[in-house]
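Pasted below: coords.pdb, PDB, C-alpha atoms and all ligand atoms.
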ATOM      1  CA  MET A 271      21.370 -22.903  -4.427  1.00  0.00           C
ATOM      2  CA  LYS A 272      24.935 -21.667  -4.524  1.00  0.00           C
ATOM      3  CA  ILE A 273      26.868 -21.405  -7.813  1.00  0.00           C
ATOM      4  CA  ASP A 274      30.604 -20.711  -8.047  1.00  0.00           C
ATOM      5  CA  VAL A 275      31.931 -19.840 -11.508  1.00  0.00           C
ATOM      6  CA  LEU A 276      35.642 -19.994 -12.363  1.00  0.00           C
ATOM      7  CA  SER A 277      36.573 -17.896 -15.387  1.00  0.00           C
ATOM      8  CA  LEU A 278      39.406 -15.847 -16.847  1.00  0.00           C
ATOM      9  CA  PHE A 279      36.803 -13.280 -17.963  1.00  0.00           C
ATOM     10  CA  PRO A 280      34.565 -12.516 -14.969  1.00  0.00           C
ATOM     11  CA  ASN A 281      33.061  -9.421 -16.660  1.00  0.00           C
ATOM     12  CA  SER A 282      31.324 -11.786 -19.097  1.00  0.00           C
ATOM     13  CA  PHE A 283      28.782 -12.468 -16.326  1.00  0.00           C
ATOM     14  CA  VAL A 284      27.492  -8.890 -16.015  1.00  0.00           C
ATOM     15  CA  PRO A 285      24.317  -9.812 -18.011  1.00  0.00           C
ATOM     16  CA  LEU A 286      23.238 -12.002 -15.065  1.00  0.00           C
ATOM     17  CA  GLU A 287      22.673  -8.813 -13.047  1.00  0.00           C
ATOM     18  CA  GLU A 288      19.568  -8.069 -15.166  1.00  0.00           C
ATOM     19  CA  SER A 289      15.894  -8.940 -14.896  1.00  0.00           C
ATOM     20  CA  ILE A 290      14.675 -12.190 -13.321  1.00  0.00           C
ATOM     21  CA  ILE A 291      18.132 -13.593 -12.528  1.00  0.00           C
ATOM     22  CA  GLY A 292      19.314 -10.247 -11.124  1.00  0.00           C
ATOM     23  CA  ARG A 293      16.304 -10.157  -8.793  1.00  0.00           C
ATOM     24  CA  ALA A 294      16.802 -13.811  -7.812  1.00  0.00           C
ATOM     25  CA  ARG A 295      20.341 -12.904  -6.743  1.00  0.00           C
ATOM     26  CA  GLU A 296      19.252  -9.782  -4.828  1.00  0.00           C
ATOM     27  CA  SER A 297      16.699 -11.841  -2.891  1.00  0.00           C
ATOM     28  CA  ASN A 298      19.265 -14.636  -2.271  1.00  0.00           C
ATOM     29  CA  LYS A 299      17.202 -17.296  -4.089  1.00  0.00           C
ATOM     30  CA  ILE A 300      20.491 -17.989  -5.851  1.00  0.00           C
ATOM     31  CA  GLU A 301      23.955 -17.115  -4.576  1.00  0.00           C
ATOM     32  CA  LEU A 302      26.221 -16.590  -7.570  1.00  0.00           C
ATOM     33  CA  LYS A 303      29.936 -15.901  -7.138  1.00  0.00           C
ATOM     34  CA  ILE A 304      32.327 -15.347 -10.031  1.00  0.00           C
ATOM     35  CA  THR A 305      36.005 -16.072  -9.344  1.00  0.00           C
ATOM     36  CA  ASN A 306      38.794 -14.865 -11.608  1.00  0.00           C
ATOM     37  CA  ILE A 307      41.120 -17.814 -12.200  1.00  0.00           C
ATOM     38  CA  ARG A 308      43.946 -15.339 -12.884  1.00  0.00           C
ATOM     39  CA  ASP A 309      43.870 -14.204  -9.216  1.00  0.00           C
ATOM     40  CA  PHE A 310      45.222 -17.678  -8.321  1.00  0.00           C
ATOM     41  CA  SER A 311      48.182 -17.698 -10.707  1.00  0.00           C
ATOM     42  CA  LYS A 312      51.519 -17.947  -8.873  1.00  0.00           C
ATOM     43  CA  ASP A 313      53.359 -16.856 -12.020  1.00  0.00           C
ATOM     44  CA  LYS A 314      55.058 -13.446 -11.768  1.00  0.00           C
ATOM     45  CA  HIS A 315      53.071 -12.249 -14.789  1.00  0.00           C
ATOM     46  CA  LYS A 316      49.862 -14.051 -13.648  1.00  0.00           C
ATOM     47  CA  LYS A 317      50.134 -16.292 -16.692  1.00  0.00           C
ATOM     48  CA  CYS A 318      47.358 -18.905 -16.967  1.00  0.00           C
ATOM     49  CA  ASP A 319      48.085 -20.562 -20.313  1.00  0.00           C
ATOM     50  CA  ASP A 320      50.946 -22.297 -22.103  1.00  0.00           C
ATOM     51  CA  THR A 321      51.698 -24.148 -25.340  1.00  0.00           C
ATOM     52  CA  PRO A 322      50.359 -27.709 -25.724  1.00  0.00           C
ATOM     53  CA  TYR A 323      52.673 -30.697 -25.098  1.00  0.00           C
ATOM     54  CA  GLY A 324      52.998 -32.624 -28.337  1.00  0.00           C
ATOM     55  CA  GLY A 325      52.845 -29.424 -30.333  1.00  0.00           C
ATOM     56  CA  GLY A 326      50.107 -27.845 -32.374  1.00  0.00           C
ATOM     57  CA  GLU A 327      47.906 -24.800 -32.473  1.00  0.00           C
ATOM     58  CA  GLY A 328      47.022 -22.381 -29.701  1.00  0.00           C
ATOM     59  CA  MET A 329      47.352 -22.371 -25.925  1.00  0.00           C
ATOM     60  CA  VAL A 330      46.103 -24.556 -23.087  1.00  0.00           C
ATOM     61  CA  MET A 331      45.027 -23.310 -19.634  1.00  0.00           C
ATOM     62  CA  THR A 332      47.678 -24.401 -17.134  1.00  0.00           C
ATOM     63  CA  PRO A 333      46.776 -26.595 -14.143  1.00  0.00           C
ATOM     64  CA  GLN A 334      48.168 -24.501 -11.246  1.00  0.00           C
ATOM     65  CA  PRO A 335      45.753 -21.524 -11.256  1.00  0.00           C
ATOM     66  CA  LEU A 336      42.785 -23.844 -11.904  1.00  0.00           C
ATOM     67  CA  TRP A 337      43.840 -26.255  -9.154  1.00  0.00           C
ATOM     68  CA  ASP A 338      44.065 -23.484  -6.555  1.00  0.00           C
ATOM     69  CA  ALA A 339      40.870 -21.760  -7.769  1.00  0.00           C
ATOM     70  CA  ILE A 340      38.913 -25.038  -7.574  1.00  0.00           C
ATOM     71  CA  LYS A 341      40.372 -25.837  -4.111  1.00  0.00           C
ATOM     72  CA  SER A 342      39.212 -22.407  -2.919  1.00  0.00           C
ATOM     73  CA  VAL A 343      35.526 -23.091  -3.769  1.00  0.00           C
ATOM     74  CA  GLN A 344      34.990 -26.893  -3.834  1.00  0.00           C
ATOM     75  CA  LYS A 345      33.316 -28.442  -0.753  1.00  0.00           C
ATOM     76  CA  LYS A 346      32.076 -31.961   0.077  1.00  0.00           C
ATOM     77  CA  ASN A 347      28.627 -31.346  -1.422  1.00  0.00           C
ATOM     78  CA  SER A 348      29.859 -29.586  -4.587  1.00  0.00           C
ATOM     79  CA  TYR A 349      29.017 -30.792  -8.089  1.00  0.00           C
ATOM     80  CA  THR A 350      31.686 -29.656 -10.540  1.00  0.00           C
ATOM     81  CA  ILE A 351      30.968 -29.102 -14.232  1.00  0.00           C
ATOM     82  CA  TYR A 352      33.368 -28.316 -17.068  1.00  0.00           C
ATOM     83  CA  PHE A 353      31.761 -26.885 -20.213  1.00  0.00           C
ATOM     84  CA  SER A 354      33.140 -28.627 -23.262  1.00  0.00           C
ATOM     85  CA  PRO A 355      32.054 -29.823 -26.710  1.00  0.00           C
ATOM     86  CA  LYS A 356      32.903 -33.335 -25.428  1.00  0.00           C
ATOM     87  CA  GLY A 357      30.104 -33.189 -22.857  1.00  0.00           C
ATOM     88  CA  GLN A 358      26.551 -34.464 -23.004  1.00  0.00           C
ATOM     89  CA  VAL A 359      24.353 -31.838 -24.654  1.00  0.00           C
ATOM     90  CA  LEU A 360      22.282 -29.980 -22.051  1.00  0.00           C
ATOM     91  CA  ASP A 361      18.521 -30.533 -22.140  1.00  0.00           C
ATOM     92  CA  GLN A 362      15.640 -29.717 -19.791  1.00  0.00           C
ATOM     93  CA  LYS A 363      15.887 -33.111 -18.071  1.00  0.00           C
ATOM     94  CA  LYS A 364      19.542 -32.414 -17.164  1.00  0.00           C
ATOM     95  CA  VAL A 365      18.632 -28.864 -16.084  1.00  0.00           C
ATOM     96  CA  GLU A 366      15.967 -30.239 -13.707  1.00  0.00           C
ATOM     97  CA  GLU A 367      18.476 -32.720 -12.263  1.00  0.00           C
ATOM     98  CA  LEU A 368      21.123 -30.008 -11.706  1.00  0.00           C
ATOM     99  CA  ALA A 369      18.573 -27.561 -10.253  1.00  0.00           C
ATOM    100  CA  LYS A 370      18.344 -29.889  -7.208  1.00  0.00           C
ATOM    101  CA  LYS A 371      22.066 -29.601  -6.336  1.00  0.00           C
ATOM    102  CA  LYS A 372      23.082 -27.526  -3.312  1.00  0.00           C
ATOM    103  CA  HIS A 373      26.346 -26.231  -4.807  1.00  0.00           C
ATOM    104  CA  LEU A 374      27.505 -26.074  -8.430  1.00  0.00           C
ATOM    105  CA  VAL A 375      31.093 -25.267  -9.434  1.00  0.00           C
ATOM    106  CA  LEU A 376      31.248 -24.221 -13.097  1.00  0.00           C
ATOM    107  CA  ILE A 377      34.600 -24.151 -14.914  1.00  0.00           C
ATOM    108  CA  CYS A 378      34.896 -22.076 -18.083  1.00  0.00           C
ATOM    109  CA  GLY A 379      37.667 -22.910 -20.538  1.00  0.00           C
ATOM    110  CA  HIS A 380      39.322 -20.655 -23.129  1.00  0.00           C
ATOM    111  CA  TYR A 381      41.844 -21.045 -25.958  1.00  0.00           C
ATOM    112  CA  GLU A 382      42.189 -24.795 -26.707  1.00  0.00           C
ATOM    113  CA  GLY A 383      40.726 -25.719 -23.311  1.00  0.00           C
ATOM    114  CA  ILE A 384      42.143 -26.790 -19.943  1.00  0.00           C
ATOM    115  CA  ASP A 385      44.811 -29.362 -18.963  1.00  0.00           C
ATOM    116  CA  GLN A 386      43.157 -32.818 -18.949  1.00  0.00           C
ATOM    117  CA  ARG A 387      44.536 -33.572 -15.456  1.00  0.00           C
ATOM    118  CA  ILE A 388      42.206 -30.936 -13.975  1.00  0.00           C
ATOM    119  CA  ILE A 389      39.214 -32.616 -15.627  1.00  0.00           C
ATOM    120  CA  ASP A 390      40.310 -36.060 -14.421  1.00  0.00           C
ATOM    121  CA  LYS A 391      40.880 -34.902 -10.842  1.00  0.00           C
ATOM    122  CA  PHE A 392      38.046 -32.444 -10.125  1.00  0.00           C
ATOM    123  CA  VAL A 393      35.260 -32.592 -12.722  1.00  0.00           C
ATOM    124  CA  ASP A 394      32.081 -34.614 -12.057  1.00  0.00           C
ATOM    125  CA  GLU A 395      30.544 -33.994 -15.473  1.00  0.00           C
ATOM    126  CA  GLU A 396      31.324 -32.341 -18.811  1.00  0.00           C
ATOM    127  CA  LEU A 397      28.408 -30.534 -20.438  1.00  0.00           C
ATOM    128  CA  SER A 398      27.915 -28.938 -23.857  1.00  0.00           C
ATOM    129  CA  ILE A 399      25.226 -26.505 -24.993  1.00  0.00           C
ATOM    130  CA  GLY A 400      25.376 -27.594 -28.643  1.00  0.00           C
ATOM    131  CA  ASP A 401      27.439 -28.338 -31.696  1.00  0.00           C
ATOM    132  CA  TYR A 402      29.142 -25.131 -32.838  1.00  0.00           C
ATOM    133  CA  ILE A 403      32.487 -23.494 -32.182  1.00  0.00           C
ATOM    134  CA  LEU A 404      32.719 -20.992 -29.312  1.00  0.00           C
ATOM    135  CA  THR A 405      35.566 -18.874 -27.922  1.00  0.00           C
ATOM    136  CA  GLY A 406      34.975 -19.922 -24.313  1.00  0.00           C
ATOM    137  CA  GLY A 407      32.799 -21.670 -21.736  1.00  0.00           C
ATOM    138  CA  GLU A 408      31.292 -18.446 -20.363  1.00  0.00           C
ATOM    139  CA  LEU A 409      28.152 -18.432 -22.527  1.00  0.00           C
ATOM    140  CA  PRO A 410      27.495 -22.138 -21.795  1.00  0.00           C
ATOM    141  CA  ALA A 411      27.860 -21.377 -18.048  1.00  0.00           C
ATOM    142  CA  MET A 412      25.369 -18.509 -18.359  1.00  0.00           C
ATOM    143  CA  VAL A 413      22.922 -20.762 -20.214  1.00  0.00           C
ATOM    144  CA  LEU A 414      23.079 -23.288 -17.369  1.00  0.00           C
ATOM    145  CA  ILE A 415      22.815 -20.604 -14.655  1.00  0.00           C
ATOM    146  CA  ASP A 416      19.748 -19.073 -16.333  1.00  0.00           C
ATOM    147  CA  SER A 417      18.016 -22.426 -16.830  1.00  0.00           C
ATOM    148  CA  VAL A 418      18.613 -23.782 -13.287  1.00  0.00           C
ATOM    149  CA  SER A 419      17.925 -20.426 -11.599  1.00  0.00           C
ATOM    150  CA  ARG A 420      14.393 -20.093 -12.962  1.00  0.00           C
ATOM    151  CA  LEU A 421      13.592 -23.474 -11.340  1.00  0.00           C
ATOM    152  CA  GLN A 422      14.618 -22.337  -7.834  1.00  0.00           C
ATOM    153  CA  LYS A 423      11.738 -21.783  -5.454  1.00  0.00           C
ATOM    154  CA  GLY A 424      10.426 -18.201  -5.528  1.00  0.00           C
ATOM    155  CA  VAL A 425      12.306 -17.107  -8.671  1.00  0.00           C
ATOM    156  CA  LEU A 426       9.320 -17.096 -11.049  1.00  0.00           C
ATOM    157  CA  HIS A 427       6.020 -15.398 -10.197  1.00  0.00           C
ATOM    158  CA  ASN A 428       4.036 -18.213 -11.729  1.00  0.00           C
ATOM    159  CA  GLU A 429       5.601 -21.490 -10.682  1.00  0.00           C
ATOM    160  CA  ASN A 430       3.280 -23.327 -13.109  1.00  0.00           C
ATOM    161  CA  SER A 431       3.897 -21.203 -16.189  1.00  0.00           C
ATOM    162  CA  SER A 432       3.202 -22.902 -19.510  1.00  0.00           C
ATOM    163  CA  GLN A 433       6.963 -22.904 -20.094  1.00  0.00           C
ATOM    164  CA  ASN A 434       7.264 -25.285 -17.165  1.00  0.00           C
ATOM    165  CA  GLU A 435       4.552 -27.586 -18.446  1.00  0.00           C
ATOM    166  CA  THR A 436       4.892 -27.651 -22.232  1.00  0.00           C
ATOM    167  CA  PHE A 437       8.544 -28.530 -22.186  1.00  0.00           C
ATOM    168  CA  ALA A 438       7.683 -31.089 -19.538  1.00  0.00           C
ATOM    169  CA  ASN A 439       5.612 -32.870 -22.238  1.00  0.00           C
ATOM    170  CA  ASN A 440       8.342 -32.147 -24.797  1.00  0.00           C
ATOM    171  CA  LEU A 441       6.075 -29.887 -26.871  1.00  0.00           C
ATOM    172  CA  LEU A 442       6.787 -26.523 -28.469  1.00  0.00           C
ATOM    173  CA  GLU A 443       4.598 -23.635 -27.412  1.00  0.00           C
ATOM    174  CA  PHE A 444       1.439 -22.638 -29.284  1.00  0.00           C
ATOM    175  CA  PRO A 445       1.484 -19.159 -30.912  1.00  0.00           C
ATOM    176  CA  GLN A 446       0.912 -16.288 -28.488  1.00  0.00           C
ATOM    177  CA  TYR A 447      -1.070 -13.080 -29.112  1.00  0.00           C
ATOM    178  CA  THR A 448      -1.785 -10.012 -27.002  1.00  0.00           C
ATOM    179  CA  LYS A 449      -3.784  -6.794 -27.296  1.00  0.00           C
ATOM    180  CA  PRO A 450      -4.931  -5.221 -29.559  1.00  0.00           C
ATOM    181  CA  ALA A 451      -7.221  -7.771 -31.263  1.00  0.00           C
ATOM    182  CA  GLU A 452      -6.457  -6.094 -34.593  1.00  0.00           C
ATOM    183  CA  PHE A 453      -3.136  -4.364 -35.331  1.00  0.00           C
ATOM    184  CA  ASN A 454      -2.338  -2.750 -38.705  1.00  0.00           C
ATOM    185  CA  GLY A 455      -5.018  -4.977 -40.247  1.00  0.00           C
ATOM    186  CA  LEU A 456      -3.562  -8.169 -38.695  1.00  0.00           C
ATOM    187  CA  LYS A 457      -6.115 -10.116 -36.639  1.00  0.00           C
ATOM    188  CA  VAL A 458      -5.755 -12.431 -33.650  1.00  0.00           C
ATOM    189  CA  PRO A 459      -7.272 -15.906 -34.345  1.00  0.00           C
ATOM    190  CA  GLU A 460     -11.043 -15.712 -33.603  1.00  0.00           C
ATOM    191  CA  ILE A 461     -11.005 -18.736 -31.284  1.00  0.00           C
ATOM    192  CA  LEU A 462      -8.806 -16.894 -28.734  1.00  0.00           C
ATOM    193  CA  LEU A 463     -11.439 -14.130 -28.389  1.00  0.00           C
ATOM    194  CA  SER A 464     -14.333 -16.596 -27.992  1.00  0.00           C
ATOM    195  CA  GLY A 465     -14.070 -17.077 -24.216  1.00  0.00           C
ATOM    196  CA  ASN A 466     -14.600 -20.831 -24.763  1.00  0.00           C
ATOM    197  CA  HIS A 467     -11.712 -22.186 -22.747  1.00  0.00           C
ATOM    198  CA  GLN A 468     -12.326 -25.821 -23.629  1.00  0.00           C
ATOM    199  CA  GLU A 469     -12.086 -24.975 -27.361  1.00  0.00           C
ATOM    200  CA  ILE A 470      -9.083 -22.682 -26.756  1.00  0.00           C
ATOM    201  CA  ASP A 471      -7.189 -25.446 -24.916  1.00  0.00           C
ATOM    202  CA  LYS A 472      -7.996 -27.876 -27.762  1.00  0.00           C
ATOM    203  CA  TRP A 473      -6.768 -25.358 -30.409  1.00  0.00           C
ATOM    204  CA  ARG A 474      -3.586 -24.667 -28.464  1.00  0.00           C
ATOM    205  CA  LEU A 475      -2.752 -28.363 -28.034  1.00  0.00           C
ATOM    206  CA  GLU A 476      -3.348 -28.941 -31.788  1.00  0.00           C
ATOM    207  CA  GLN A 477      -1.051 -26.026 -32.621  1.00  0.00           C
ATOM    208  CA  SER A 478       1.632 -27.341 -30.228  1.00  0.00           C
ATOM    209  CA  LEU A 479       1.458 -30.835 -31.699  1.00  0.00           C
ATOM    210  CA  MET A 480       1.539 -29.571 -35.317  1.00  0.00           C
ATOM    211  CA  LEU A 481       4.498 -27.270 -34.672  1.00  0.00           C
ATOM    212  CA  THR A 482       6.445 -29.946 -32.836  1.00  0.00           C
ATOM    213  CA  LYS A 483       5.783 -32.575 -35.537  1.00  0.00           C
ATOM    214  CA  GLU A 484       6.808 -30.150 -38.290  1.00  0.00           C
ATOM    215  CA  ARG A 485       9.855 -28.455 -36.758  1.00  0.00           C
ATOM    216  CA  ARG A 486      11.154 -30.638 -33.911  1.00  0.00           C
ATOM    217  CA  PRO A 487      10.006 -34.239 -34.422  1.00  0.00           C
ATOM    218  CA  ASP A 488      13.066 -35.251 -32.359  1.00  0.00           C
ATOM    219  CA  LEU A 489      11.323 -33.820 -29.266  1.00  0.00           C
ATOM    220  CA  LEU A 490       8.383 -36.221 -29.674  1.00  0.00           C
ATOM    221  CA  LYS A 491      10.736 -39.204 -29.678  1.00  0.00           C
ATOM    222  CA  LYS A 492      12.493 -38.027 -26.536  1.00  0.00           C
ATOM    223  CA  LYS A 493      11.791 -39.931 -23.315  1.00  0.00           C
ATOM    224  CA  LYS A 494      10.140 -37.949 -20.529  1.00  0.00           C
ATOM    225  CA  GLU A 495      11.886 -38.117 -17.099  1.00  0.00           C
TER     226      GLU A 495
HETATM  227  N1  LIG A 501      34.412 -24.583 -27.006  1.00  0.00           N
HETATM  228  C1  LIG A 501      33.679 -28.409 -31.858  1.00  0.00           C
HETATM  229  C2  LIG A 501      34.812 -29.203 -32.066  1.00  0.00           C
HETATM  230  C3  LIG A 501      36.022 -28.824 -31.541  1.00  0.00           C
HETATM  231  C4  LIG A 501      36.147 -27.627 -30.803  1.00  0.00           C
HETATM  232  C5  LIG A 501      35.022 -26.860 -30.604  1.00  0.00           C
HETATM  233  C6  LIG A 501      35.101 -25.593 -29.814  1.00  0.00           C
HETATM  234  C7  LIG A 501      35.978 -22.990 -26.141  1.00  0.00           C
HETATM  235  C8  LIG A 501      37.911 -23.860 -24.845  1.00  0.00           C
HETATM  236  C9  LIG A 501      36.498 -25.455 -26.086  1.00  0.00           C
HETATM  237  C10 LIG A 501      31.737 -25.184 -27.682  1.00  0.00           C
HETATM  238  C11 LIG A 501      30.430 -25.528 -28.011  1.00  0.00           C
HETATM  239  C12 LIG A 501      29.513 -25.830 -27.050  1.00  0.00           C
HETATM  240  C13 LIG A 501      31.269 -25.596 -24.006  1.00  0.00           C
HETATM  241  C14 LIG A 501      33.801 -27.241 -31.112  1.00  0.00           C
HETATM  242  C15 LIG A 501      31.220 -25.486 -25.374  1.00  0.00           C
HETATM  243  C16 LIG A 501      32.155 -25.154 -26.362  1.00  0.00           C
HETATM  244  C17 LIG A 501      29.935 -25.828 -25.720  1.00  0.00           C
HETATM  245  C18 LIG A 501      33.551 -24.781 -25.995  1.00  0.00           C
HETATM  246  C19 LIG A 501      37.376 -22.703 -25.680  1.00  0.00           C
HETATM  247  C20 LIG A 501      37.900 -25.139 -25.644  1.00  0.00           C
HETATM  248  C21 LIG A 501      35.832 -24.309 -26.861  1.00  0.00           C
HETATM  249  C22 LIG A 501      32.403 -30.239 -32.989  1.00  0.00           C
HETATM  250  C23 LIG A 501      31.254 -28.814 -31.359  1.00  0.00           C
HETATM  251  C24 LIG A 501      31.921 -27.894 -33.550  1.00  0.00           C
HETATM  252  C25 LIG A 501      36.445 -24.191 -28.266  1.00  0.00           C
HETATM  253  C26 LIG A 501      32.326 -28.828 -32.441  1.00  0.00           C
HETATM  254  N2  LIG A 501      29.242 -26.098 -24.601  1.00  0.00           N
HETATM  255  N3  LIG A 501      36.258 -25.372 -29.072  1.00  0.00           N
HETATM  256  O1  LIG A 501      34.177 -24.844 -29.776  1.00  0.00           O
HETATM  257  O2  LIG A 501      33.897 -24.706 -24.857  1.00  0.00           O
HETATM  258  O3  LIG A 501      30.052 -25.965 -23.587  1.00  0.00           O
END
Re-express the file's structure as structure tokens.
Amino acid sequence: MKIDVLSLFPNSFVPLEESIIGRARESNKIELKITNIRDFSKDKHKKCDDTPYGGGEGMVMTPQPLWDAIKSVQKKNSYTIYFSPKGQVLDQKKVEELAKKKHLVLICGHYEGIDQRIIDKFVDEELSIGDYILTGGELPAMVLIDSVSRLQKGVLHNENSSQNETFANNLLEFPQYTKPAEFNGLKVPEILLSGNHQEIDKWRLEQSLMLTKERRPDLLKKKKE
């Protein structure tokens, strides 16, 4: 999969050089390119924002640099996303759908957002990562990149990790423990040391169901697929 990101703050994406995503990029499982929208400004001071028509607070990202930046990356098979609180809230079902695309173009807004004409002309879908105020679309873009990248073939060691399966049944994960069996007087639940895998699986499913019912009953109501 190829992902083009358009942002005024390309250094925000340095964290994606780490760990699993960093390795996925090095081995070309994902091709991630960050483009600085400012490089496309034809203004003599490389200005990319202006005051809103109709008046009011703050600044709006101007159409010209965005138009040219999008034109420089968009192809016939591109799927273009603008991160915005007006978008559908991202969930694992949407992540799985987007993970199948050949080319994603991700547009990150700042200030009061981008000129609506750019959304109307170029954007296939607006997406949100949740209901809180942010300073820009960079963190939402990184959330999407992380979540779709781990689904690309060869990115995870264990393609059938529990993380892939439990969220597939909309359940939270059971509690995890590792060595030692006793640490500072705190013991690992006996059942996990029993070697009885049938009983362990039963205990884990019970724990998952209890946790989900208690903390995220909304997940149980959610349709699968
Ligand atoms: N945010 C709200 C209402 C009005 C404005 C905001 C807000 C960044 C460019 C958008 C925020 C949250 C999740 C993008 C929030 C997201 C953004 C996102 C985002 C700068 C304009 C802005 C009702 C949600 C509290 C700033 C609610 N997912 N405006 O945050 O881009 O993707």
>> If we draw a sphere of 6 Å around (25.8, -22.9, -4.9), which residues have at least one atom in it when counting only C-alpha atoms? Please report them as a ChimeraX atom specification.
In response: /A:271-273,372-374
Hey, what comes out of the PyMOL selection byres (((chain A and resi 290-292) around 12) and not hetatm) on this file? Could you write it as an mmCIF file with C-alpha atoms, in the frame of the given file?
data_model
loop_
_atom_site.group_PDB
_atom_site.id
_atom_site.type_symbol
_atom_site.label_atom_id
_atom_site.label_comp_id
_atom_site.auth_asym_id
_atom_site.auth_seq_id
_atom_site.Cartn_x
_atom_site.Cartn_y
_atom_site.Cartn_z
ATOM 1 C CA PHE A 283 28.782 -12.468 -16.326
ATOM 2 C CA VAL A 284 27.492 -8.890 -16.015
ATOM 3 C CA PRO A 285 24.317 -9.812 -18.011
ATOM 4 C CA LEU A 286 23.238 -12.002 -15.065
ATOM 5 C CA GLU A 287 22.673 -8.813 -13.047
ATOM 6 C CA GLU A 288 19.568 -8.069 -15.166
ATOM 7 C CA SER A 289 15.894 -8.940 -14.896
ATOM 8 C CA ARG A 293 16.304 -10.157 -8.793
ATOM 9 C CA ALA A 294 16.802 -13.811 -7.812
ATOM 10 C CA ARG A 295 20.341 -12.904 -6.743
ATOM 11 C CA GLU A 296 19.252 -9.782 -4.828
ATOM 12 C CA SER A 297 16.699 -11.841 -2.891
ATOM 13 C CA ASN A 298 19.265 -14.636 -2.271
ATOM 14 C CA LYS A 299 17.202 -17.296 -4.089
ATOM 15 C CA ILE A 300 20.491 -17.989 -5.851
ATOM 16 C CA GLU A 301 23.955 -17.115 -4.576
ATOM 17 C CA LEU A 302 26.221 -16.590 -7.570
ATOM 18 C CA MET A 412 25.369 -18.509 -18.359
ATOM 19 C CA VAL A 413 22.922 -20.762 -20.214
ATOM 20 C CA LEU A 414 23.079 -23.288 -17.369
ATOM 21 C CA ILE A 415 22.815 -20.604 -14.655
ATOM 22 C CA ASP A 416 19.748 -19.073 -16.333
ATOM 23 C CA SER A 417 18.016 -22.426 -16.830
ATOM 24 C CA VAL A 418 18.613 -23.782 -13.287
ATOM 25 C CA SER A 419 17.925 -20.426 -11.599
ATOM 26 C CA ARG A 420 14.393 -20.093 -12.962
ATOM 27 C CA LEU A 421 13.592 -23.474 -11.340
ATOM 28 C CA GLN A 422 14.618 -22.337 -7.834
ATOM 29 C CA GLY A 424 10.426 -18.201 -5.528
ATOM 30 C CA VAL A 425 12.306 -17.107 -8.671
ATOM 31 C CA LEU A 426 9.320 -17.096 -11.049
ATOM 32 C CA HIS A 427 6.020 -15.398 -10.197
#
> Which protein, DNA or RNA residues have an atom within 6 Å of ligand LIG 501 (chain A), counting all atoms listed in the file, as a PyMOL selection string?
Replying inline: chain A and resi 353-355+379-383+397-407+410
> Pick the closest to Pro280 (chain A) from A:Lys316, A:Gln386, A:Ala411, A:Ser311: which is it, counting only C-alpha atoms?
Replying inline: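 Looking at the shortest contact to Pro280 (chain A), the residue is A:Ala411.
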>> What does the structure give for the distance between CA of Glu395 (chain A) and CA of Gln358 (chain A), in Å to one decimal?
In response: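 Interatomic distance here is 8.5 Å.
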> Could you work out how far CA of Ile388 (chain A) lies from CA of Leu336 (chain A), giving the answer in Å with one decimal?
Replying inline: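 Separating CA of Leu336 (chain A) from CA of Ile388 (chain A) is a distance of 7.4 Å.
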Got a minute to add N, CA, C and O atoms to region 396-403 of chain A and dump it as a tab-separated table (two decimals), keeping the file's coordinate frame?
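In the end it all went to selection.tsv:
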chain	number	residue	atom	x	y	z
A	396	GLU	N	31.13	-33.31	-17.74
A	396	GLU	CA	31.32	-32.34	-18.81
A	396	GLU	C	29.98	-32.13	-19.50
A	396	GLU	O	29.25	-33.09	-19.73
A	397	LEU	N	29.69	-30.87	-19.80
A	397	LEU	CA	28.41	-30.53	-20.44
A	397	LEU	C	28.66	-29.60	-21.61
A	397	LEU	O	29.51	-28.71	-21.55
A	398	SER	N	27.87	-29.79	-22.67
A	398	SER	CA	27.92	-28.94	-23.86
A	398	SER	C	26.56	-28.27	-24.04
A	398	SER	O	25.54	-28.82	-23.60
A	399	ILE	N	26.53	-27.10	-24.66
A	399	ILE	CA	25.23	-26.50	-24.99
A	399	ILE	C	24.88	-26.69	-26.47
A	399	ILE	O	23.83	-26.24	-26.91
A	400	GLY	N	25.73	-27.35	-27.25
A	400	GLY	CA	25.38	-27.59	-28.64
A	400	GLY	C	26.59	-27.67	-29.54
A	400	GLY	O	27.71	-27.42	-29.10
A	401	ASP	N	26.35	-28.00	-30.78
A	401	ASP	CA	27.44	-28.34	-31.70
A	401	ASP	C	27.81	-27.17	-32.61
A	401	ASP	O	27.36	-27.11	-33.76
A	402	TYR	N	28.60	-26.27	-32.08
A	402	TYR	CA	29.14	-25.13	-32.84
A	402	TYR	C	30.41	-24.71	-32.11
A	402	TYR	O	30.64	-25.10	-30.97
A	403	ILE	N	31.22	-23.91	-32.79
A	403	ILE	CA	32.49	-23.49	-32.18
A	403	ILE	C	32.29	-22.20	-31.39
A	403	ILE	O	31.66	-21.26	-31.88
